[in-house]
>>> print(open('upload.tsv').read())   # TSV, C-alpha atoms
chain	number	residue	atom	x	y	z
A	938	MET	CA	84.24	95.55	119.91
A	939	GLU	CA	86.20	95.99	116.66
A	940	SER	CA	84.65	99.41	116.00
A	941	GLN	CA	85.97	100.65	119.36
A	942	LYS	CA	89.57	100.06	118.30
A	943	ALA	CA	91.54	102.78	116.56
A	944	PRO	CA	91.39	102.38	112.78
A	945	ILE	CA	94.53	101.18	111.00
A	946	LYS	CA	95.93	104.19	109.15
A	947	LEU	CA	97.13	103.65	105.61
A	948	TYR	CA	99.55	106.57	105.50
A	949	ALA	CA	102.05	106.14	108.31
A	950	LYS	CA	105.77	105.56	108.72
A	951	ARG	CA	106.23	101.97	109.81
A	952	SER	CA	109.09	99.59	110.36
A	953	PHE	CA	108.97	96.37	108.38
A	954	GLY	CA	107.52	94.50	111.35
A	955	ASP	CA	104.87	97.19	111.85
A	956	LYS	CA	103.86	96.94	108.18
A	957	MET	CA	103.42	93.20	108.57
A	958	ASN	CA	101.43	93.71	111.76
A	959	ALA	CA	99.23	96.35	110.13
A	960	SER	CA	98.52	93.99	107.23
A	961	PHE	CA	97.59	91.09	109.48
A	962	ASP	CA	95.56	93.37	111.78
A	963	PHE	CA	93.54	94.61	108.80
A	964	ILE	CA	92.86	91.07	107.60
A	965	LYS	CA	92.04	89.92	111.14
A	966	GLU	CA	89.64	92.81	111.74
A	967	ASN	CA	87.90	92.52	108.37
A	968	TRP	CA	88.15	88.83	107.50
A	969	LYS	CA	84.37	88.42	107.38
A	970	PRO	CA	83.64	91.11	104.72
A	971	LEU	CA	86.81	90.10	102.85
A	972	LEU	CA	85.77	86.46	102.72
A	973	LYS	CA	82.16	87.31	101.90
A	974	PHE	CA	82.92	89.58	98.95
A	975	ILE	CA	85.77	87.40	97.66
A	976	THR	CA	83.29	84.51	97.59
A	977	TYR	CA	80.64	86.62	95.83
A	978	LEU	CA	83.01	87.78	93.09
A	979	MET	CA	85.65	85.09	92.73
A	980	LEU	CA	83.66	81.87	93.14
A	981	PRO	CA	81.64	82.29	89.89
A	982	LEU	CA	84.86	83.00	88.00
A	983	SER	CA	86.51	79.99	89.66
A	984	LEU	CA	83.75	77.75	88.24
A	985	LEU	CA	84.75	78.74	84.70
A	986	GLN	CA	88.46	78.83	85.42
A	987	ALA	CA	88.33	75.30	86.86
A	988	LEU	CA	86.82	73.99	83.60
A	989	SER	CA	89.56	75.54	81.48
A	990	LEU	CA	92.28	74.47	83.92
A	991	ASN	CA	91.12	70.84	83.97
A	992	GLY	CA	90.69	70.86	80.21
A	993	PHE	CA	94.22	72.14	79.71
A	994	MET	CA	95.73	69.62	82.14
A	995	SER	CA	93.86	66.70	80.55
A	996	GLN	CA	94.96	67.70	77.06
A	997	TYR	CA	98.53	68.33	78.19
A	998	MET	CA	98.86	64.99	79.97
A	999	GLY	CA	97.25	63.22	77.00
A	1000	LEU	CA	99.72	64.88	74.66
A	1001	VAL	CA	102.66	63.87	76.87
A	1002	SER	CA	101.40	60.28	76.93
A	1003	GLU	CA	101.11	60.26	73.14
A	1004	ILE	CA	104.67	61.56	72.75
A	1005	GLU	CA	106.03	59.02	75.22
A	1006	GLY	CA	104.18	56.32	73.31
A	1007	GLY	CA	105.89	57.37	70.09
A	1008	ASN	CA	102.83	59.03	68.50
A	1009	SER	CA	104.52	62.35	67.83
A	1010	ASP	CA	102.35	62.89	64.74
A	1011	THR	CA	99.44	63.92	66.97
A	1012	ILE	CA	101.27	66.98	68.34
A	1013	LEU	CA	100.28	69.41	65.57
A	1014	SER	CA	96.62	68.35	65.61
A	1015	ALA	CA	96.42	68.71	69.42
A	1016	LEU	CA	98.13	72.10	69.67
A	1017	PRO	CA	95.13	74.30	68.67
A	1018	GLN	CA	92.85	72.79	71.31
A	1019	LEU	CA	95.64	72.90	73.88
A	1020	GLY	CA	96.29	76.55	73.06
A	1021	THR	CA	92.58	77.37	73.37
A	1022	THR	CA	92.21	75.92	76.86
A	1023	TYR	CA	95.51	77.49	77.96
A	1024	GLY	CA	94.45	80.88	76.59
A	1025	LEU	CA	91.10	80.64	78.38
A	1026	THR	CA	92.88	79.77	81.64
A	1027	ILE	CA	95.18	82.79	81.29
A	1028	LEU	CA	92.21	85.02	80.44
A	1029	CYS	CA	90.34	83.88	83.56
A	1030	TYR	CA	93.44	84.46	85.66
A	1031	TRP	CA	93.85	87.97	84.21
A	1032	VAL	CA	90.22	88.85	84.90
A	1033	GLY	CA	90.49	87.33	88.38
A	1034	THR	CA	93.62	89.34	89.19
A	1035	MET	CA	91.86	92.57	88.20
A	1036	LEU	CA	88.78	91.60	90.21
A	1037	ILE	CA	90.61	90.68	93.41
A	1038	ALA	CA	92.83	93.79	93.30
A	1039	SER	CA	89.81	96.03	92.64
A	1040	LEU	CA	87.88	94.40	95.47
A	1041	VAL	CA	90.62	94.45	98.11
A	1042	TYR	CA	91.63	98.04	97.41
A	1043	GLY	CA	87.99	99.08	97.21
A	1044	LEU	CA	87.40	97.60	100.66
A	1045	MET	CA	90.54	99.26	102.03
A	1046	LYS	CA	89.41	102.62	100.65
A	1047	ALA	CA	85.93	102.15	102.12
A	1048	TYR	CA	87.55	101.19	105.43
A	1049	SER	CA	89.31	104.56	105.59
A	1050	GLN	CA	86.27	106.57	104.44
A	1051	ARG	CA	83.43	105.07	106.50
A	1052	PRO	CA	83.11	106.01	110.20
A	1053	GLU	CA	82.00	102.44	110.93
A	1054	ARG	CA	84.73	101.11	108.62
A	1055	LEU	CA	83.62	97.84	106.98
A	1056	VAL	CA	80.97	96.97	109.53
A	1057	GLY	CA	77.68	96.39	107.72
A	1058	ILE	CA	79.00	97.32	104.28
A	1059	THR	CA	76.91	95.96	101.40
A	1060	LEU	CA	77.73	95.13	97.81
A	1061	THR	CA	75.47	97.98	96.67
A	1062	GLU	CA	77.47	100.45	98.74
A	1063	LEU	CA	80.76	98.99	97.54
A	1064	LYS	CA	79.75	98.84	93.87
A	1065	PRO	CA	80.82	102.42	92.86
A	1066	LEU	CA	84.32	101.89	94.29
A	1067	LEU	CA	84.52	98.44	92.74
A	1068	MET	CA	83.50	99.60	89.26
A	1069	HIS	CA	85.89	102.57	89.43
A	1070	ASN	CA	88.73	100.25	90.41
A	1071	LEU	CA	87.87	97.72	87.71
A	1072	ARG	CA	88.05	100.37	84.98
A	1073	ALA	CA	91.32	101.64	86.42
A	1074	MET	CA	92.78	98.13	86.70
A	1075	PHE	CA	91.83	97.37	83.10
A	1076	ARG	CA	93.69	100.45	81.86
A	1077	LEU	CA	96.63	99.77	84.15
A	1078	SER	CA	96.97	96.09	83.24
A	1079	LEU	CA	96.89	96.76	79.50
A	1080	PHE	CA	99.44	99.55	79.80
A	1081	THR	CA	101.70	97.47	82.04
A	1082	PHE	CA	101.48	94.51	79.66
A	1083	LEU	CA	102.52	96.66	76.70
A	1084	LEU	CA	105.30	98.20	78.77
A	1085	LEU	CA	106.64	94.78	79.74
A	1086	LEU	CA	106.42	93.55	76.13
A	1087	LEU	CA	108.49	96.52	74.94
A	1088	THR	CA	111.02	95.98	77.73
A	1089	ILE	CA	111.36	92.26	77.00
A	1090	ALA	CA	111.69	92.97	73.26
A	1091	LEU	CA	114.47	95.44	74.04
A	1092	VAL	CA	116.27	92.92	76.26
A	1093	ILE	CA	115.98	90.19	73.61
A	1094	GLY	CA	117.16	92.57	70.90
A	1095	LEU	CA	120.24	93.51	72.89
A	1096	ALA	CA	120.89	89.84	73.69
A	1097	VAL	CA	120.79	89.00	69.97
A	1098	LEU	CA	123.47	91.62	69.35
A	1099	THR	CA	125.61	90.19	72.14
A	1100	PRO	CA	124.64	87.85	75.02
A	1101	PHE	CA	126.94	89.79	77.35
A	1102	THR	CA	124.26	92.52	77.60
A	1103	LEU	CA	122.23	90.10	79.76
A	1104	ILE	CA	124.73	90.70	82.56
A	1105	VAL	CA	123.36	94.23	82.80
A	1106	THR	CA	119.83	94.00	81.41
A	1107	LEU	CA	118.54	91.10	83.56
A	1108	PRO	CA	119.51	92.66	86.94
A	1109	LEU	CA	118.21	96.01	85.68
A	1110	LEU	CA	114.92	94.42	84.61
A	1111	PHE	CA	114.54	92.83	88.05
A	1112	ALA	CA	115.29	96.16	89.73
A	1113	LEU	CA	112.59	97.85	87.62
A	1114	ILE	CA	109.94	95.16	88.15
A	1115	VAL	CA	110.04	95.31	91.99
A	1116	PRO	CA	108.76	98.93	92.30
A	1117	LEU	CA	105.90	98.11	89.90
A	1118	SER	CA	104.20	96.38	92.85
A	1119	LEU	CA	103.21	99.88	94.00
A	1120	TYR	CA	101.63	100.81	90.66
A	1121	ALA	CA	98.15	99.45	91.43
A	1122	PRO	CA	97.69	101.00	94.90
A	1123	ILE	CA	99.03	104.37	93.71
A	1124	TYR	CA	96.69	104.44	90.71
A	1125	LEU	CA	93.67	103.13	92.64
A	1126	PHE	CA	94.04	105.09	95.89
A	1127	GLU	CA	94.93	108.43	94.33
A	1128	ASP	CA	93.24	110.68	91.78
A	1129	ILE	CA	96.12	110.55	89.33
A	1130	HIS	CA	96.80	109.96	85.65
A	1131	LEU	CA	98.32	106.72	84.42
A	1132	MET	CA	101.70	108.18	83.44
A	1133	ASP	CA	101.90	110.28	86.61
A	1134	ALA	CA	101.17	107.12	88.61
A	1135	LEU	CA	103.98	105.31	86.78
A	1136	SER	CA	106.41	108.13	87.54
A	1137	LYS	CA	105.38	108.12	91.19
A	1138	THR	CA	105.65	104.33	91.28
A	1139	PHE	CA	109.33	104.43	90.42
A	1140	ARG	CA	109.97	107.44	92.65
A	1141	LEU	CA	108.44	105.80	95.72
A	1142	GLY	CA	109.55	102.31	94.70
A	1143	PHE	CA	113.23	103.09	94.35
A	1144	ALA	CA	113.20	105.15	97.56
A	1145	THR	CA	111.86	102.14	99.49
A	1146	TRP	CA	113.04	99.33	97.19
A	1147	GLY	CA	114.12	96.98	99.97
A	1148	GLY	CA	110.81	97.30	101.79
A	1149	VAL	CA	108.81	96.71	98.60
A	1150	PHE	CA	110.85	93.60	97.82
A	1151	LEU	CA	110.58	92.13	101.32
A	1152	ILE	CA	106.88	92.78	101.83
A	1153	THR	CA	106.09	91.35	98.38
A	1154	LEU	CA	108.30	88.33	98.98
A	1155	LEU	CA	107.07	87.43	102.46
A	1156	MET	CA	103.40	88.11	101.79
A	1157	GLY	CA	103.74	86.16	98.57
A	1158	ILE	CA	105.20	83.21	100.49
A	1159	ILE	CA	102.36	83.34	103.04
A	1160	GLY	CA	99.75	83.55	100.29
A	1161	GLY	CA	101.54	80.79	98.39
A	1162	ILE	CA	101.42	78.51	101.43
A	1163	LEU	CA	97.68	79.12	101.77
A	1164	GLN	CA	97.19	78.49	98.07
A	1165	GLY	CA	99.31	75.35	98.27
A	1166	VAL	CA	97.31	73.92	101.16
A	1167	ILE	CA	93.98	74.63	99.48
A	1168	GLY	CA	95.22	73.42	96.09
A	1169	THR	CA	96.84	70.19	97.31
A	1170	PRO	CA	93.70	68.02	96.83
A	1171	TRP	CA	93.51	69.07	93.16
A	1172	THR	CA	97.23	68.38	92.60
A	1173	VAL	CA	96.98	64.93	94.20
A	1174	ALA	CA	93.79	64.09	92.31
A	1175	VAL	CA	95.35	65.05	88.96
A	1176	MET	CA	98.42	62.91	89.71
A	1177	VAL	CA	96.22	59.93	90.61
A	1178	LYS	CA	94.24	60.39	87.41
A	1179	GLN	CA	97.48	60.40	85.43
A	1180	LEU	CA	98.52	57.14	87.09
A	1181	PHE	CA	95.17	55.58	86.17
A	1182	SER	CA	95.48	56.77	82.58
A	1183	MET	CA	98.93	55.19	82.32
A	1184	SER	CA	97.65	51.82	83.60
A	1185	ASP	CA	95.96	49.14	81.55
A	1186	SER	CA	93.18	48.60	84.08
A	1187	GLY	CA	89.65	48.86	82.77
A	1188	ASP	CA	88.44	50.12	86.14
A	1189	ALA	CA	89.84	53.53	85.34
A	1190	VAL	CA	87.19	53.96	82.64
A	1191	THR	CA	84.27	53.11	84.91
A	1192	VAL	CA	85.23	55.63	87.59
A	1193	SER	CA	86.41	58.38	85.23
A	1194	VAL	CA	83.15	60.35	85.12
A	1195	GLY	CA	82.70	60.53	88.88
A	1196	TYR	CA	86.39	61.03	89.47
A	1197	ASN	CA	86.57	63.84	86.89
A	1198	PHE	CA	83.74	65.59	88.72
A	1199	VAL	CA	85.70	65.33	91.98
A	1200	ILE	CA	88.74	66.81	90.22
A	1201	TYR	CA	86.53	69.65	88.96
A	1202	LEU	CA	85.39	70.43	92.51
A	1203	PHE	CA	89.00	70.40	93.69
A	1204	ALA	CA	89.96	72.67	90.78
A	1205	ILE	CA	87.31	75.19	91.86
A	1206	LEU	CA	88.81	75.13	95.33
A	1207	GLN	CA	92.31	75.54	93.89
A	1208	CYS	CA	91.33	78.58	91.80
A	1209	TYR	CA	89.42	80.15	94.69
A	1210	GLY	CA	92.38	79.54	97.01
A	1211	SER	CA	94.75	81.28	94.64
A	1212	TYR	CA	92.71	84.49	94.93
A	1213	LEU	CA	92.53	84.16	98.71
A	1214	GLY	CA	96.31	83.91	98.73
A	1215	MET	CA	96.63	87.08	96.63
A	1216	THR	CA	94.82	89.01	99.35
A	1217	PHE	CA	97.85	88.88	101.64
A	1218	THR	CA	100.17	90.37	99.02
A	1219	LEU	CA	97.67	93.07	98.02
A	1220	VAL	CA	97.11	94.23	101.61
A	1221	GLY	CA	100.83	94.14	102.41
A	1222	VAL	CA	101.75	96.15	99.31
A	1223	ALA	CA	99.04	98.71	100.17
A	1224	TYR	CA	100.59	99.39	103.58
A	1225	GLN	CA	104.02	99.50	101.96
A	1226	TYR	CA	102.64	102.16	99.62
A	1227	GLY	CA	101.24	104.09	102.59
A	1228	HIS	CA	104.63	103.92	104.30
A	1229	ALA	CA	106.50	105.02	101.16
A	1230	SER	CA	104.09	107.93	100.61
A	1231	GLU	CA	104.62	109.12	104.16
A	1232	VAL	CA	108.41	108.74	104.07
A	1233	VAL	CA	108.91	110.40	100.69
A	1234	ASP	CA	105.99	112.83	100.36
A	1235	SER	CA	104.71	113.25	103.96
A	1236	ILE	CA	101.22	112.81	102.56
A	1237	SER	CA	99.42	112.85	105.92
A	1238	ILE	CA	101.06	116.16	106.88
A	1239	GLU	CA	100.04	117.71	103.55
A	1240	SER	CA	96.49	116.46	104.11
A	1241	ASP	CA	96.39	118.03	107.59
A	1242	ILE	CA	97.57	121.36	106.17
A	1243	GLU	CA	94.95	121.29	103.41
A	1244	ASN	CA	92.22	120.54	105.95
A	1245	PHE	CA	93.53	122.84	108.69
A	1246	ASP	CA	90.42	124.99	108.63
A	1247	LYS	CA	88.32	121.89	109.37
A	1248	LEU	CA	90.34	120.78	112.38
>>> encode(input="upload.tsv", output="structure tokens")
Amino acid sequence: MESQKAPIKLYAKRSFGDKMNASFDFIKENWKPLLKFITYLMLPLSLLQALSLNGFMSQYMGLVSEIEGGNSDTILSALPQLGTTYGLTILCYWVGTMLIASLVYGLMKAYSQRPERLVGITLTELKPLLMHNLRAMFRLSLFTFLLLLLTIALVIGLAVLTPFTLIVTLPLLFALIVPLSLYAPIYLFEDIHLMDALSKTFRLGFATWGGVFLITLLMGIIGGILQGVIGTPWTVAVMVKQLFSMSDSGDAVTVSVGYNFVIYLFAILQCYGSYLGMTFTLVGVAYQYGHASEVVDSISIESDIENFDKL
């Protein structure tokens, strides 16, 4: 039944409501392959990320308890281990962000290229697109990180000279960050160099700044709600564990092993849910990119002209 419906075009002028509808229609039509491949790729990473996340939280709460108890001398000795688990958590999150973006945009590209769309698609068939996107996302993420570091260093340097520069630099930094949401879909959907993609990102992003901001905000809220619901058991379990650790009851020791395992399972669910939530933002931004490309560059018209002899 789904294959009989008209495919959802990426490049099309859409109102804000139509972009939201297109995003939800894509997810609704393809939720099975999305869920299947997200589970294949993100669940193994979530197993490792949950270990580092629980380790960091345990060390952090232990450190807070020591400080509140007046044992501030333990801070320096605990910082290396705390930094290690925190760094591992950030590394997992970085890898996971690249993976989920590569997967979602790979599926969206396959959706537009295959006559049957995503019906019956296999991991073997998806692998070339996925590997291409992963290499591209690695280059893009490193470049973006360096770009943000330079920008933040410039802002801090100006603030050291005079704090009044923050009145200009902070709003300007916010205005520049919003269009960067289009960087990944531009670089992954098009055959384009990194710097050309950056230039096009700001060109399309500033031309449709309001739409980029709204679609990112609302899809982020929706994804955040999903993540919050899925991650609530882990949050509650960690809070209960902290209450036990603050009590003098010996029962807390006897149940700690089993309870820690339950927290680990909840942490896996929390990490997995965070990547599910990202899917909404990624799909929404992709259709915002398609809208911006059509409004600014009329990309579908250019494609029709180039393929006129095939029509």
>>> residues_around(input="upload.tsv", residues="A:Ser1118", least_positions_apart="3", cutoff="7 Å", atoms="all atoms listed in the file", output="list in words")
Val1115, Ala1121 and Val1222 of chain A
>>> residues_around(input="upload.tsv", residues="stretch 1111-1114 of chain A", least_positions_apart="3", cutoff="9 Å", atoms="all atoms listed in the file", output="mmCIF file with C-alpha atoms, keeping the file's coordinate frame")
data_model
loop_
_atom_site.group_PDB
_atom_site.id
_atom_site.type_symbol
_atom_site.label_atom_id
_atom_site.label_comp_id
_atom_site.auth_asym_id
_atom_site.auth_seq_id
_atom_site.Cartn_x
_atom_site.Cartn_y
_atom_site.Cartn_z
ATOM 1 C CA THR A 1106 119.830 94.000 81.410
ATOM 2 C CA LEU A 1107 118.540 91.100 83.560
ATOM 3 C CA PRO A 1108 119.510 92.660 86.940
ATOM 4 C CA LEU A 1117 105.900 98.110 89.900
ATOM 5 C CA SER A 1118 104.200 96.380 92.850
ATOM 6 C CA PHE A 1139 109.330 104.430 90.420
ATOM 7 C CA GLY A 1142 109.550 102.310 94.700
ATOM 8 C CA PHE A 1143 113.230 103.090 94.350
ATOM 9 C CA TRP A 1146 113.040 99.330 97.190
#
>>> residues_around(input="upload.tsv", residues="stretch 1158-1173 of chain A", least_positions_apart="5", cutoff="6 Å", atoms="only C-alpha atoms", output="VMD selection string")
chain A and resid 1203 to 1204 1207 1210 to 1211 1214 to 1215 1217
>>> atom_distance(input="upload.tsv", atom1="atom CA of A:Met979", atom2="atom CA of A:Gly1033")
6.9 Å
>>> atom_distance(input="upload.tsv", atom1="atom CA of A:Met1068", atom2="atom CA of A:Val1041")
12.5 Å
>>> residues_around(input="upload.tsv", residues="A:Gly1043", least_positions_apart="4", cutoff="9 Å", atoms="only C-alpha atoms", output="CSV table (one decimal) with C-alpha atoms, keeping the file's coordinate frame")
chain,number,residue,atom,x,y,z
A,1038,ALA,CA,92.8,93.8,93.3
A,1039,SER,CA,89.8,96.0,92.6
A,1047,ALA,CA,85.9,102.2,102.1
A,1048,TYR,CA,87.6,101.2,105.4
A,1063,LEU,CA,80.8,99.0,97.5
A,1064,LYS,CA,79.8,98.8,93.9
A,1066,LEU,CA,84.3,101.9,94.3
A,1067,LEU,CA,84.5,98.4,92.7
A,1069,HIS,CA,85.9,102.6,89.4
A,1070,ASN,CA,88.7,100.2,90.4
A,1125,LEU,CA,93.7,103.1,92.6
A,1126,PHE,CA,94.0,105.1,95.9
>>> closest_residue(input="upload.tsv", among="A:Lys973, A:Arg1076, A:Arg951, A:Arg1051", to="A:Leu1213", atoms="all atoms listed in the file")
A:Lys973
>>> atom_distance(input="upload.tsv", atom1="atom CA of A:Gln1225", atom2="atom CA of A:Asp1128")
18.6 Å
>>> closest_residue(input="upload.tsv", among="A:Val1092, A:Leu1055, A:Val1199, A:Leu990", to="A:Ile964", atoms="all atoms listed in the file")
A:Leu1055
